[in-house]
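First the structure, in the form of structure tokens, and then the observations on it.
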Amino acid sequence: MTDTAVELIDDLGSLDPAAWDVLAAGNPFVAHAYLHGLQATGCAARRTGWQPTCLVLRREGELVGAMPLYVKSHSRGEYVFDQAWAEAFERHGLPYYPKLLCAVPFTPVGGPRLLAAAHEDRVLLARAAIEVARQAGVSSLHVLFPRDEDLRALREAGYMLREGVQFHWRNDGYASFDAFLGAMNHDKRKKVRQDRKKVEQAGIRFRHLRGAAISADDLAFFYRCYAATYANHWSSPYLKPAFFEALHAAMPEALLLVMAERQGEPVACALNVAAGDTLYGRYWGCVDFVSGLHFETCYLQAIDYCIAHGIAHFEGGAQGVHKMSRGLLPVPTWSAHWVADERFAAAIADFLDRETRGMNRYLDELESHTPFKAPAD
């Protein structure tokens with residue numbers, strides 16, 4: 001009889017990084033260095049409302065599955081918005097927090113959430129997480145931005161699914177950035193060229209720095225920009241300098257900085273994460289306003305880099321229908337939810353059914369406003 005065991009651990013540092021990374025299957029955001037770095041630097045910790053409690057699956061003592069879980073005391077840093085659900089619970093005298101969350105903290109990027117090679121093990125993890133939630137007495141359990149394989153297992157395990165939308169760019173084999181622009185319709189192509197000209201006329205030049213080419217000073221300037229973005233919105237950054245330093249030390253080739261400079265002095269910076277055939281846009285900021293600089297630094301420079309290096313996809317982050325005019329197209333995203341209270345579960349299921357129909361109509365409408373030429377043009 002096969003010995004299979006499921007257990008909870010509160011410190012990823014107690015697990016073998018190599019064994020974990022086999023399960024991560026090359027995804028940088030669920031790599032051991034990324035998730036453990038968030039915990040070890042205090043970014044995702046009990047004090048910040050992200051108490052780690054990872055579910056692991058062992059067979060004959062070997063790690064064969066994992067599910068990164070957090071006990072949450074709020075809904076910040078998730079990018080799937082359930083605050084209305086929390087308010088409904090409170091109105092009826094029921095606590096919504098704490099809740100249980102499976103996600104990559106502060107990272108609205110799709111990828112593995114049920115880290116296992118076999119479908120049966122993914123279903124086992126999904127069901128075991130529900131049992132953990134029941135025993136802990138939390139209001140609910142949420143899985144954010146799972147991959148398609150995980151969705152099938154989550155649906156089989158009885159979770160409710162919620163649809164969202166992001167905007168991603170696809171490389172259709174463009175030989176150059178000009179070839180990409182040539183595929184766009186006249187108005188969007190003209191607008192991109194006008195925006196790029198403004199940035200160029202402001203004296204801005206760009207450097208792309210990856211891996212060992214990123215210095216400590218470059219990282220420090222990036223963090224200054226990153227923190228400034230939060231300060232401009234009267235907020236504080238989720239992530240600490242130590243996290244980015246640890247990430248660069250552990251996964252240098254995963255990081256790409258787009259550095260905007262004027263007369264040799266940096267004025268803005270965007271941090272991207274590269275893995276496999278995808279570039280992920282993550283954080284940006286500036287120390288001086290220049291018209292068009294945000295879109296150029298965050299999106300157009302990333303697309304330019306993808307074309308030059310044969311990268312198939314660029315994911316531009318959460319939200320932002322304005323990204324369509326820069327060539328990013330709508331794609332559905334998903335989350336999965338389990339709610340302990342059957343009355344609220346039924347009400348949320350009804351809401352999700354209506355929301356999904358509305359989201360599908362919205363996606364259809366977005367697709368009708370493509371920035372690219374019609375096939376017959």
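By order of appearance in the structure tokens: chains A, B, ..., then residues from 1 within every chain, and ligands from 1 in the order shown.
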
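Proximity to segment 287-291 of chain A at 9 Å, evaluated using only C-alpha atoms and with sequence-adjacent residues fewer than 6 positions away removed, yields Asp195, Lys198, Val199, Ala202, Ile204, Arg224, Cys225, Ala228, Pro266, Val267 and Ala268 of chain A.
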
Quick one: write out the picked residues with N, CA, C and O atoms as a PDB file, in the first residue's frame?
ATOM      1  N   ASP A 195       3.404  59.015 -29.480  1.00  0.00           N
ATOM      2  CA  ASP A 195       3.830  58.878 -28.086  1.00  0.00           C
ATOM      3  C   ASP A 195       5.330  58.612 -27.996  1.00  0.00           C
ATOM      4  O   ASP A 195       6.029  59.181 -27.147  1.00  0.00           O
ATOM      5  N   LYS A 198       7.329  61.806 -28.592  1.00  0.00           N
ATOM      6  CA  LYS A 198       7.366  62.713 -27.443  1.00  0.00           C
ATOM      7  C   LYS A 198       8.474  62.314 -26.467  1.00  0.00           C
ATOM      8  O   LYS A 198       9.209  63.160 -25.958  1.00  0.00           O
ATOM      9  N   VAL A 199       8.558  61.023 -26.199  1.00  0.00           N
ATOM     10  CA  VAL A 199       9.578  60.540 -25.267  1.00  0.00           C
ATOM     11  C   VAL A 199      10.969  60.768 -25.835  1.00  0.00           C
ATOM     12  O   VAL A 199      11.883  61.219 -25.127  1.00  0.00           O
ATOM     13  N   ALA A 202      11.996  64.345 -25.650  1.00  0.00           N
ATOM     14  CA  ALA A 202      12.325  64.752 -24.282  1.00  0.00           C
ATOM     15  C   ALA A 202      13.741  64.322 -23.893  1.00  0.00           C
ATOM     16  O   ALA A 202      14.181  64.588 -22.765  1.00  0.00           O
ATOM     17  N   ILE A 204      14.929  61.167 -23.836  1.00  0.00           N
ATOM     18  CA  ILE A 204      14.964  59.893 -23.115  1.00  0.00           C
ATOM     19  C   ILE A 204      15.566  58.801 -23.996  1.00  0.00           C
ATOM     20  O   ILE A 204      15.188  58.643 -25.156  1.00  0.00           O
ATOM     21  N   ARG A 224      13.782  52.940  -5.638  1.00  0.00           N
ATOM     22  CA  ARG A 224      13.383  54.338  -5.433  1.00  0.00           C
ATOM     23  C   ARG A 224      12.178  54.675  -6.302  1.00  0.00           C
ATOM     24  O   ARG A 224      11.223  55.302  -5.841  1.00  0.00           O
ATOM     25  N   CYS A 225      12.205  54.222  -7.548  1.00  0.00           N
ATOM     26  CA  CYS A 225      11.075  54.458  -8.459  1.00  0.00           C
ATOM     27  C   CYS A 225       9.835  53.695  -8.005  1.00  0.00           C
ATOM     28  O   CYS A 225       8.722  54.235  -8.002  1.00  0.00           O
ATOM     29  N   ALA A 228       8.273  55.326  -5.103  1.00  0.00           N
ATOM     30  CA  ALA A 228       7.664  56.602  -5.479  1.00  0.00           C
ATOM     31  C   ALA A 228       6.268  56.392  -6.059  1.00  0.00           C
ATOM     32  O   ALA A 228       5.367  57.214  -5.842  1.00  0.00           O
ATOM     33  N   PRO A 266      19.425  58.362 -14.832  1.00  0.00           N
ATOM     34  CA  PRO A 266      18.175  57.597 -14.840  1.00  0.00           C
ATOM     35  C   PRO A 266      17.001  58.437 -14.349  1.00  0.00           C
ATOM     36  O   PRO A 266      17.130  59.196 -13.380  1.00  0.00           O
ATOM     37  N   VAL A 267      15.857  58.291 -15.026  1.00  0.00           N
ATOM     38  CA  VAL A 267      14.651  59.033 -14.630  1.00  0.00           C
ATOM     39  C   VAL A 267      13.456  58.109 -14.395  1.00  0.00           C
ATOM     40  O   VAL A 267      12.470  58.520 -13.786  1.00  0.00           O
ATOM     41  N   ALA A 268      13.530  56.879 -14.885  1.00  0.00           N
ATOM     42  CA  ALA A 268      12.436  55.931 -14.704  1.00  0.00           C
ATOM     43  C   ALA A 268      12.978  54.519 -14.877  1.00  0.00           C
ATOM     44  O   ALA A 268      14.045  54.310 -15.468  1.00  0.00           O
TER      45      ALA A 268
END

Could you pull out the strand (DSSP E) residues of segment 4-181 of chain A, going by DSSP on the backbone, and write them as a PyMOL selection string?
chain A and resi 4-9+50-52+54-59+62-67+69-72+99-102+115-116+140-144+160-170

Mind running segment 162-184 of chain A against segment 362-372 of chain A at 10 Å and telling me each contacting residue's nearest atom pair with the distance in Å (one decimal), counting only C-alpha atoms, chain and number ascending, as a Markdown table?
| residue | atom | partner | partner_atom | distance |
| --- | --- | --- | --- | --- |
| A:Gly164 | CA | A:Leu363 | CA | 9.4 |
| A:Val165 | CA | A:Leu363 | CA | 7.8 |
| A:Phe180 | CA | A:Phe372 | CA | 9.5 |
| A:Leu181 | CA | A:Phe372 | CA | 8.9 |
| A:Gly182 | CA | A:Phe372 | CA | 8.8 |
| A:Ala183 | CA | A:Phe372 | CA | 5.8 |
| A:Met184 | CA | A:Phe372 | CA | 3.9 |

Given only C-alpha atoms as the counted atoms, nearest of A:Gln301, A:Thr53, A:Asn27, A:Gln319 to Phe81 of chain A
A:Gln319

Which segment 273-344 of chain A residues have any atom within 9 Å of an atom of segment 104-107 of chain A, and for each, what is the nearest pair of atoms with distance in Å to one decimal, counting only C-alpha atoms, rows sorted by chain and number, as CSV?
residue,atom,partner,partner_atom,distance
A:Arg282,CA,A:Thr107,CA,8.0
A:Gly317,CA,A:Thr107,CA,8.5
A:Ala318,CA,A:Thr107,CA,8.9

Could you build a table of the residues in segment 102-157 of chain A lying no more than 7 Å from segment 330-337 of chain A, giving for each the nearest pair of atoms and their separation in Å rounded to one decimal place, using only C-alpha atoms, ordered by chain and ascending residue number, as JSON lines?
{"residue": "A:Leu141", "atom": "CA", "partner": "A:His337", "partner_atom": "CA", "distance": 5.8}
{"residue": "A:His142", "atom": "CA", "partner": "A:His337", "partner_atom": "CA", "distance": 4.5}
{"residue": "A:Val143", "atom": "CA", "partner": "A:Ala336", "partner_atom": "CA", "distance": 5.0}
{"residue": "A:Leu144", "atom": "CA", "partner": "A:Ser335", "partner_atom": "CA", "distance": 4.5}
{"residue": "A:Phe145", "atom": "CA", "partner": "A:Trp334", "partner_atom": "CA", "distance": 5.3}
{"residue": "A:Pro146", "atom": "CA", "partner": "A:Ser335", "partner_atom": "CA", "distance": 6.5}
{"residue": "A:Leu154", "atom": "CA", "partner": "A:Ala336", "partner_atom": "CA", "distance": 7.0}

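Minimum atom-to-atom distances from A:Gln39, A:His74, A:Tyr223, A:Gln194 to Glu87 of chain A were compared using only C-alpha atoms, and the lowest value belongs to A:His74.
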
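Every protein or nucleic acid residue with an atom no more than 6 Å from Trp50 of chain A, counting only C-alpha atoms and leaving out same-chain residues fewer than 2 positions away, appears here: Ala44, Ala45, Arg46, Thr48, Tyr70, Val71 and Lys72 of chain A.
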
Output file for the residues above (all heavy atoms, as a PDB file, in the first residue's frame):
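The resulting file, out-v9.pdb, is shown below:
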ATOM      1  N   ALA A  44       5.732  38.738   3.043  1.00  0.00           N
ATOM      2  CA  ALA A  44       4.543  37.894   3.211  1.00  0.00           C
ATOM      3  C   ALA A  44       4.698  37.158   4.532  1.00  0.00           C
ATOM      4  O   ALA A  44       5.313  36.086   4.602  1.00  0.00           O
ATOM      5  CB  ALA A  44       4.399  36.918   2.047  1.00  0.00           C
ATOM      6  N   ALA A  45       4.167  37.738   5.579  1.00  0.00           N
ATOM      7  CA  ALA A  45       4.344  37.205   6.928  1.00  0.00           C
ATOM      8  C   ALA A  45       3.104  37.534   7.756  1.00  0.00           C
ATOM      9  O   ALA A  45       2.252  38.313   7.332  1.00  0.00           O
ATOM     10  CB  ALA A  45       5.591  37.815   7.577  1.00  0.00           C
ATOM     11  N   ARG A  46       3.016  36.932   8.931  1.00  0.00           N
ATOM     12  CA  ARG A  46       1.869  37.185   9.806  1.00  0.00           C
ATOM     13  C   ARG A  46       1.694  38.685  10.055  1.00  0.00           C
ATOM     14  O   ARG A  46       0.582  39.213  10.047  1.00  0.00           O
ATOM     15  CB  ARG A  46       2.054  36.461  11.132  1.00  0.00           C
ATOM     16  CG  ARG A  46       0.896  36.666  12.113  1.00  0.00           C
ATOM     17  CD  ARG A  46       1.294  36.221  13.516  1.00  0.00           C
ATOM     18  NE  ARG A  46       1.495  34.789  13.592  1.00  0.00           N
ATOM     19  CZ  ARG A  46       0.549  33.913  13.935  1.00  0.00           C
ATOM     20  NH1 ARG A  46      -0.671  34.353  14.219  1.00  0.00           N
ATOM     21  NH2 ARG A  46       0.817  32.632  13.994  1.00  0.00           N
ATOM     22  N   THR A  48       2.258  41.208   8.221  1.00  0.00           N
ATOM     23  CA  THR A  48       1.693  41.954   7.094  1.00  0.00           C
ATOM     24  C   THR A  48       0.342  41.397   6.655  1.00  0.00           C
ATOM     25  O   THR A  48      -0.199  41.825   5.628  1.00  0.00           O
ATOM     26  CB  THR A  48       2.663  41.928   5.902  1.00  0.00           C
ATOM     27  OG1 THR A  48       2.861  40.575   5.461  1.00  0.00           O
ATOM     28  CG2 THR A  48       3.998  42.563   6.266  1.00  0.00           C
ATOM     29  N   TYR A  70      -1.939  30.914   2.420  1.00  0.00           N
ATOM     30  CA  TYR A  70      -1.732  31.999   3.378  1.00  0.00           C
ATOM     31  C   TYR A  70      -3.030  32.235   4.132  1.00  0.00           C
ATOM     32  O   TYR A  70      -4.114  32.219   3.529  1.00  0.00           O
ATOM     33  CB  TYR A  70      -1.312  33.290   2.670  1.00  0.00           C
ATOM     34  CG  TYR A  70      -0.013  33.148   1.905  1.00  0.00           C
ATOM     35  CD1 TYR A  70      -0.007  32.673   0.602  1.00  0.00           C
ATOM     36  CD2 TYR A  70       1.200  33.453   2.507  1.00  0.00           C
ATOM     37  CE1 TYR A  70       1.184  32.504  -0.090  1.00  0.00           C
ATOM     38  CE2 TYR A  70       2.399  33.295   1.830  1.00  0.00           C
ATOM     39  CZ  TYR A  70       2.380  32.821   0.531  1.00  0.00           C
ATOM     40  OH  TYR A  70       3.551  32.650  -0.143  1.00  0.00           O
ATOM     41  N   VAL A  71      -2.914  32.451   5.439  1.00  0.00           N
ATOM     42  CA  VAL A  71      -4.054  32.915   6.215  1.00  0.00           C
ATOM     43  C   VAL A  71      -4.065  34.431   6.111  1.00  0.00           C
ATOM     44  O   VAL A  71      -3.108  35.094   6.491  1.00  0.00           O
ATOM     45  CB  VAL A  71      -3.948  32.477   7.691  1.00  0.00           C
ATOM     46  CG1 VAL A  71      -5.146  33.003   8.480  1.00  0.00           C
ATOM     47  CG2 VAL A  71      -3.846  30.964   7.798  1.00  0.00           C
ATOM     48  N   LYS A  72      -5.158  34.972   5.562  1.00  0.00           N
ATOM     49  CA  LYS A  72      -5.218  36.409   5.279  1.00  0.00           C
ATOM     50  C   LYS A  72      -6.158  37.103   6.265  1.00  0.00           C
ATOM     51  O   LYS A  72      -7.247  36.629   6.556  1.00  0.00           O
ATOM     52  CB  LYS A  72      -5.731  36.669   3.856  1.00  0.00           C
ATOM     53  CG  LYS A  72      -4.768  36.336   2.740  1.00  0.00           C
ATOM     54  CD  LYS A  72      -3.514  37.215   2.733  1.00  0.00           C
ATOM     55  CE  LYS A  72      -3.789  38.716   2.635  1.00  0.00           C
ATOM     56  NZ  LYS A  72      -4.394  39.134   1.365  1.00  0.00           N
TER      57      LYS A  72
END

If we count only C-alpha atoms and set the cut-off at 10 Å, which residues sit around Ala40 of chain A, ignoring sequence neighbours fewer than 6 positions away in its own chain? Please answer as a PDB file with all heavy atoms, in the first residue's frame.
ATOM      1  N   ASP A  11       7.025  27.115   7.127  1.00  0.00           N
ATOM      2  CA  ASP A  11       8.301  27.692   6.706  1.00  0.00           C
ATOM      3  C   ASP A  11       8.797  26.949   5.476  1.00  0.00           C
ATOM      4  O   ASP A  11       9.212  25.789   5.558  1.00  0.00           O
ATOM      5  CB  ASP A  11       9.317  27.599   7.847  1.00  0.00           C
ATOM      6  CG  ASP A  11      10.666  28.208   7.470  1.00  0.00           C
ATOM      7  OD1 ASP A  11      10.740  28.898   6.411  1.00  0.00           O
ATOM      8  OD2 ASP A  11      11.643  27.994   8.207  1.00  0.00           O
ATOM      9  N   LEU A  12       8.773  27.629   4.332  1.00  0.00           N
ATOM     10  CA  LEU A  12       9.278  27.004   3.107  1.00  0.00           C
ATOM     11  C   LEU A  12      10.761  26.687   3.200  1.00  0.00           C
ATOM     12  O   LEU A  12      11.265  25.829   2.482  1.00  0.00           O
ATOM     13  CB  LEU A  12       9.023  27.924   1.912  1.00  0.00           C
ATOM     14  CG  LEU A  12       7.616  27.938   1.333  1.00  0.00           C
ATOM     15  CD1 LEU A  12       7.539  28.910   0.171  1.00  0.00           C
ATOM     16  CD2 LEU A  12       7.198  26.556   0.885  1.00  0.00           C
ATOM     17  N   GLY A  13      11.449  27.379   4.082  1.00  0.00           N
ATOM     18  CA  GLY A  13      12.871  27.120   4.253  1.00  0.00           C
ATOM     19  C   GLY A  13      13.167  25.728   4.757  1.00  0.00           C
ATOM     20  O   GLY A  13      14.304  25.247   4.650  1.00  0.00           O
ATOM     21  N   ALA A  33      12.804  30.073  -4.475  1.00  0.00           N
ATOM     22  CA  ALA A  33      13.495  31.324  -4.147  1.00  0.00           C
ATOM     23  C   ALA A  33      12.534  32.501  -4.082  1.00  0.00           C
ATOM     24  O   ALA A  33      12.694  33.397  -3.244  1.00  0.00           O
ATOM     25  CB  ALA A  33      14.593  31.596  -5.178  1.00  0.00           C
ATOM     26  N   TYR A  34      11.519  32.508  -4.955  1.00  0.00           N
ATOM     27  CA  TYR A  34      10.572  33.622  -4.983  1.00  0.00           C
ATOM     28  C   TYR A  34       9.662  33.584  -3.757  1.00  0.00           C
ATOM     29  O   TYR A  34       9.555  34.576  -3.012  1.00  0.00           O
ATOM     30  CB  TYR A  34       9.741  33.565  -6.262  1.00  0.00           C
ATOM     31  CG  TYR A  34       9.009  34.849  -6.579  1.00  0.00           C
ATOM     32  CD1 TYR A  34       9.563  35.775  -7.467  1.00  0.00           C
ATOM     33  CD2 TYR A  34       7.786  35.148  -6.004  1.00  0.00           C
ATOM     34  CE1 TYR A  34       8.913  36.965  -7.757  1.00  0.00           C
ATOM     35  CE2 TYR A  34       7.121  36.331  -6.292  1.00  0.00           C
ATOM     36  CZ  TYR A  34       7.687  37.231  -7.174  1.00  0.00           C
ATOM     37  OH  TYR A  34       7.034  38.415  -7.449  1.00  0.00           O
ATOM     38  N   ALA A 242      15.142  44.302   0.358  1.00  0.00           N
ATOM     39  CA  ALA A 242      15.796  43.006   0.589  1.00  0.00           C
ATOM     40  C   ALA A 242      15.207  41.904  -0.277  1.00  0.00           C
ATOM     41  O   ALA A 242      15.919  40.971  -0.672  1.00  0.00           O
ATOM     42  CB  ALA A 242      15.690  42.628   2.066  1.00  0.00           C
ATOM     43  N   PHE A 243      13.905  41.986  -0.582  1.00  0.00           N
ATOM     44  CA  PHE A 243      13.305  40.959  -1.433  1.00  0.00           C
ATOM     45  C   PHE A 243      13.905  41.006  -2.837  1.00  0.00           C
ATOM     46  O   PHE A 243      14.274  39.970  -3.403  1.00  0.00           O
ATOM     47  CB  PHE A 243      11.792  41.120  -1.505  1.00  0.00           C
ATOM     48  CG  PHE A 243      11.167  40.264  -2.572  1.00  0.00           C
ATOM     49  CD1 PHE A 243      11.098  38.893  -2.418  1.00  0.00           C
ATOM     50  CD2 PHE A 243      10.670  40.830  -3.746  1.00  0.00           C
ATOM     51  CE1 PHE A 243      10.543  38.085  -3.413  1.00  0.00           C
ATOM     52  CE2 PHE A 243      10.113  40.033  -4.735  1.00  0.00           C
ATOM     53  CZ  PHE A 243      10.050  38.667  -4.563  1.00  0.00           C
ATOM     54  N   ALA A 246      17.447  39.744  -2.784  1.00  0.00           N
ATOM     55  CA  ALA A 246      17.508  38.286  -2.672  1.00  0.00           C
ATOM     56  C   ALA A 246      17.099  37.615  -3.983  1.00  0.00           C
ATOM     57  O   ALA A 246      17.694  36.611  -4.398  1.00  0.00           O
ATOM     58  CB  ALA A 246      16.602  37.815  -1.533  1.00  0.00           C
TER      59      ALA A 246
END

Name all residues at most 8 Å from Leu256 of chain A (count only C-alpha atoms; drop same-chain ones fewer than 4 positions away) and give them as a PyMOL selection string.
chain A and resi 208-211+271-274

Could those selected residues go to a file with N, CA, C and O atoms, as a compact mmCIF listing (two decimals), in the first residue's frame?
# COMPACT_ATOMS: atom_id res chain seq x y z
N HIS A 208 18.37 48.13 -21.62
CA HIS A 208 17.79 46.90 -21.10
C HIS A 208 18.88 46.15 -20.36
O HIS A 208 19.89 45.76 -20.94
N LEU A 209 18.66 45.91 -19.07
CA LEU A 209 19.65 45.26 -18.23
C LEU A 209 19.08 43.95 -17.70
O LEU A 209 17.99 43.93 -17.13
N ARG A 210 19.85 42.88 -17.88
CA ARG A 210 19.36 41.57 -17.43
C ARG A 210 20.46 40.81 -16.72
O ARG A 210 21.63 40.87 -17.09
N GLY A 211 20.07 40.10 -15.68
CA GLY A 211 20.99 39.22 -14.98
C GLY A 211 22.14 39.97 -14.34
O GLY A 211 21.97 40.93 -13.60
N LEU A 271 10.64 46.96 -13.88
CA LEU A 271 11.19 45.64 -13.63
C LEU A 271 10.26 44.60 -14.25
O LEU A 271 9.05 44.62 -14.01
N ASN A 272 10.83 43.73 -15.06
CA ASN A 272 10.11 42.62 -15.69
C ASN A 272 10.73 41.31 -15.22
O ASN A 272 11.91 41.26 -14.85
N VAL A 273 9.94 40.26 -15.27
CA VAL A 273 10.43 38.91 -14.96
C VAL A 273 10.32 38.08 -16.23
O VAL A 273 9.26 38.04 -16.86
N ALA A 274 11.41 37.44 -16.60
CA ALA A 274 11.47 36.65 -17.83
C ALA A 274 11.60 35.17 -17.48
O ALA A 274 12.39 34.79 -16.61
